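Structure first, commentary second.
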Amino acid sequence: MTIPANALLERLRAIDERIADAARASGRELSDITRIVVTKFHPPELIRELYRLGVRDVGENRQQEYSAKTEALADLVDLNWHFIGQIQSKKAKAVRASATLVHSVDRERVADALDRAEGDSPLDVLVQINLTDDLGRGGVAPDDIEALATHIAGLSRLQLRGVMAVAPLDEPPASAFARLHEYRARVQRVVPGATWMSAGMTTDFAEAIAAGATHLRIGSAITGPRPVHG
Ligand SMILES: *Cc1c(COP(=O)(O)O)cnc(C)c1O
């Protein structure tokens, strides 16, 4: 797999234009929005190419793959790694070792494990919220948001920055993100500085920007289709 650099640059520019349009349409400042390129399943060389094109924020969702890539690309010292996937407590150290921001804290156990893991302190984290009715999905249930936020606020080596969610497939993204906006306000009653909202992927980032997203997680619109994994 290699994507010609000019094709990658064109897609990056096209997405950034659409982000700028959506920000303008919603009266948002572009400087309040971080575009993260989700590079899961793609090889480290793709990330290196993105870095050459100016990308400084990338997202990964599987710990082993993330650890292999952070190691392979350790020379890119100003590249920000965003961890956006499920975290097993026993892998918290590996996640903490390289992450700039962990988007997917959805249980006290995970928060505790990240808090205890070695690494630079404090570590910025988001509470992932489940916007679906399926309890098996990642994310804390809306009823438990305050309890989890309060727990994280009590951990000295984590800094709670806001919320993260994935829009459900069976609902218009705008209504799902409107709920997320309210959930962020609930987190802010516990931690006033928790102003970030990680939301918006390839198909719904414009709606996410309109709802107040500060961190977009965009994969296939920039990288092309993900390589198939067996
Ligand atoms: C894969 C993934 C994305 C990016 O999805 P695209 O549809 O390719 O933009 C965003 N967020 C999470 C949590 C993901 O796992």
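Please note that chains go A, B, ... in the order of the structure tokens, that every chain numbers its residues from 1, and that ligands are numbered from 1 in the order shown.
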### Task
With only C-alpha atoms and all ligand atoms counted, collect every polymer residue having an atom within 8 Å of ligand 1; state the result as a PyMOL selection string.
chain A and resi 37-40+59-61+84-85+165-166+199-203+216-222+225-226
Write out as a PDB file with all heavy atoms, in the first residue's frame each polymer residue whose atoms come within 8 Å of Asn130 in chain A, counting only C-alpha atoms; drop sequence neighbours fewer than 6 positions from it.
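Contents of around.pdb, freshly written:
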ATOM      1  N   ARG A 137     -21.599  -1.175  23.677  1.00  0.00           N
ATOM      2  CA  ARG A 137     -20.716  -0.251  22.954  1.00  0.00           C
ATOM      3  C   ARG A 137     -19.762   0.439  23.902  1.00  0.00           C
ATOM      4  O   ARG A 137     -20.054   0.569  25.080  1.00  0.00           O
ATOM      5  CB  ARG A 137     -21.554   0.820  22.239  1.00  0.00           C
ATOM      6  CG  ARG A 137     -22.332   0.300  21.064  1.00  0.00           C
ATOM      7  CD  ARG A 137     -21.392  -0.321  20.049  1.00  0.00           C
ATOM      8  NE  ARG A 137     -22.099  -0.664  18.822  1.00  0.00           N
ATOM      9  CZ  ARG A 137     -22.184   0.123  17.778  1.00  0.00           C
ATOM     10  NH1 ARG A 137     -21.633   1.312  17.797  1.00  0.00           N
ATOM     11  NH2 ARG A 137     -22.812  -0.268  16.693  1.00  0.00           N
ATOM     12  N   GLY A 138     -18.648   0.916  23.362  1.00  0.00           N
ATOM     13  CA  GLY A 138     -17.697   1.668  24.178  1.00  0.00           C
ATOM     14  C   GLY A 138     -18.335   2.953  24.678  1.00  0.00           C
ATOM     15  O   GLY A 138     -19.221   3.521  24.033  1.00  0.00           O
ATOM     16  N   GLY A 139     -17.888   3.392  25.838  1.00  0.00           N
ATOM     17  CA  GLY A 139     -18.381   4.654  26.363  1.00  0.00           C
ATOM     18  C   GLY A 139     -19.189   4.457  27.630  1.00  0.00           C
ATOM     19  O   GLY A 139     -19.864   3.447  27.800  1.00  0.00           O
ATOM     20  N   VAL A 140     -19.108   5.458  28.502  1.00  0.00           N
ATOM     21  CA  VAL A 140     -19.870   5.407  29.737  1.00  0.00           C
ATOM     22  C   VAL A 140     -21.332   5.726  29.408  1.00  0.00           C
ATOM     23  O   VAL A 140     -21.616   6.516  28.500  1.00  0.00           O
ATOM     24  CB  VAL A 140     -19.268   6.419  30.761  1.00  0.00           C
ATOM     25  CG1 VAL A 140     -19.418   7.859  30.295  1.00  0.00           C
ATOM     26  CG2 VAL A 140     -19.869   6.245  32.143  1.00  0.00           C
ATOM     27  N   ALA A 141     -22.252   5.095  30.145  1.00  0.00           N
ATOM     28  CA  ALA A 141     -23.676   5.411  29.959  1.00  0.00           C
ATOM     29  C   ALA A 141     -23.928   6.827  30.458  1.00  0.00           C
ATOM     30  O   ALA A 141     -23.339   7.251  31.465  1.00  0.00           O
ATOM     31  CB  ALA A 141     -24.527   4.404  30.734  1.00  0.00           C
ATOM     32  N   PRO A 142     -24.806   7.580  29.771  1.00  0.00           N
ATOM     33  CA  PRO A 142     -25.048   8.973  30.176  1.00  0.00           C
ATOM     34  C   PRO A 142     -25.372   9.137  31.664  1.00  0.00           C
ATOM     35  O   PRO A 142     -24.919  10.105  32.287  1.00  0.00           O
ATOM     36  CB  PRO A 142     -26.222   9.382  29.282  1.00  0.00           C
ATOM     37  CG  PRO A 142     -26.000   8.596  28.034  1.00  0.00           C
ATOM     38  CD  PRO A 142     -25.473   7.254  28.494  1.00  0.00           C
ATOM     39  N   ALA A 165     -17.220  11.052  21.649  1.00  0.00           N
ATOM     40  CA  ALA A 165     -18.235  10.063  21.282  1.00  0.00           C
ATOM     41  C   ALA A 165     -18.197   9.789  19.788  1.00  0.00           C
ATOM     42  O   ALA A 165     -17.642  10.559  19.002  1.00  0.00           O
ATOM     43  CB  ALA A 165     -19.635  10.530  21.678  1.00  0.00           C
ATOM     44  N   VAL A 166     -18.796   8.648  19.451  1.00  0.00           N
ATOM     45  CA  VAL A 166     -19.022   8.246  18.066  1.00  0.00           C
ATOM     46  C   VAL A 166     -20.534   8.329  17.850  1.00  0.00           C
ATOM     47  O   VAL A 166     -21.303   7.846  18.693  1.00  0.00           O
ATOM     48  CB  VAL A 166     -18.548   6.791  17.849  1.00  0.00           C
ATOM     49  CG1 VAL A 166     -18.855   6.326  16.432  1.00  0.00           C
ATOM     50  CG2 VAL A 166     -17.047   6.669  18.145  1.00  0.00           C
TER      51      VAL A 166
END
Residues within 9 Å of Ala153 in chain A, please, as a PyMOL selection string. Count only C-alpha atoms; anything in the same chain fewer than 6 positions from it doesn't count. chain A and resi 159-160+190-191
Pull N, CA, C and O atoms from the residues just selected and write them as a PDB file, in the first residue's frame.
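Contents of selection-v8.pdb, as written:
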ATOM      1  N   GLN A 159      -5.677  14.749  33.764  1.00  0.00           N
ATOM      2  CA  GLN A 159      -6.368  16.029  33.611  1.00  0.00           C
ATOM      3  C   GLN A 159      -7.570  15.791  32.701  1.00  0.00           C
ATOM      4  O   GLN A 159      -7.388  15.467  31.520  1.00  0.00           O
ATOM      5  N   LEU A 160      -8.755  15.938  33.249  1.00  0.00           N
ATOM      6  CA  LEU A 160      -9.963  15.722  32.436  1.00  0.00           C
ATOM      7  C   LEU A 160     -10.214  16.954  31.578  1.00  0.00           C
ATOM      8  O   LEU A 160     -10.398  18.064  32.088  1.00  0.00           O
ATOM      9  N   VAL A 190     -18.670  19.474  36.836  1.00  0.00           N
ATOM     10  CA  VAL A 190     -17.727  18.803  37.750  1.00  0.00           C
ATOM     11  C   VAL A 190     -16.327  19.391  37.581  1.00  0.00           C
ATOM     12  O   VAL A 190     -15.638  19.698  38.554  1.00  0.00           O
ATOM     13  N   VAL A 191     -15.908  19.543  36.321  1.00  0.00           N
ATOM     14  CA  VAL A 191     -14.576  20.074  35.995  1.00  0.00           C
ATOM     15  C   VAL A 191     -14.776  21.211  34.984  1.00  0.00           C
ATOM     16  O   VAL A 191     -14.914  20.966  33.782  1.00  0.00           O
TER      17      VAL A 191
END
Next on the checklist: List as a PyMOL selection string the protein and nucleic acid residues near range 180-183 of chain A, meaning an atom at most 8 Å away when only C-alpha atoms are counted, but skip any in the same chain fewer than 3 places from it.
Outcome noted: chain A and resi 129+131+142+145+163+165+176-177+186-187+197+211-212
* Closest to Asp57 in chain A among A:Arg11, A:Lys93, A:Arg107, A:Arg35, using only C-alpha atoms? ->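 Closest to Asp57 in chain A, using only C-alpha atoms: A:Arg35.
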request  = Output as a ChimeraX atom specification all residues of range 42-133 of chain A that backbone DSSP marks as strand (DSSP E).
outcome  = /A:57-60,80-83,99-105,123-128
Checklist line | Picked from range 35-186 of chain A by DSSP as helix (DSSP H, G or I), as an NGL selection string | finding: :A and (44-52 or 63-72 or 89-98 or 108-116 or 142-153 or 173-186)
Can you tell me how far CA of Asp32 in chain A sits from CA of His215 in chain A, in Å to one decimal?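 Computing it gives 8.5 Å between the two atoms.
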(Q) List the spatial neighbours of Arg189 in chain A as a list in words - criterion: any atom at most 9 Å away, only C-alpha atoms, same-chain residues fewer than 4 positions off excluded. (A)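 Once the adjacent positions are removed, what remains is Glu146, Arg184 and Ala185 of chain A.
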*Between CA of Val105 in chain A and CA of Met164 in chain A - distance in Å to one decimal*: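 Computed distance, CA of Met164 in chain A to CA of Val105 in chain A, equals 9.0 Å.
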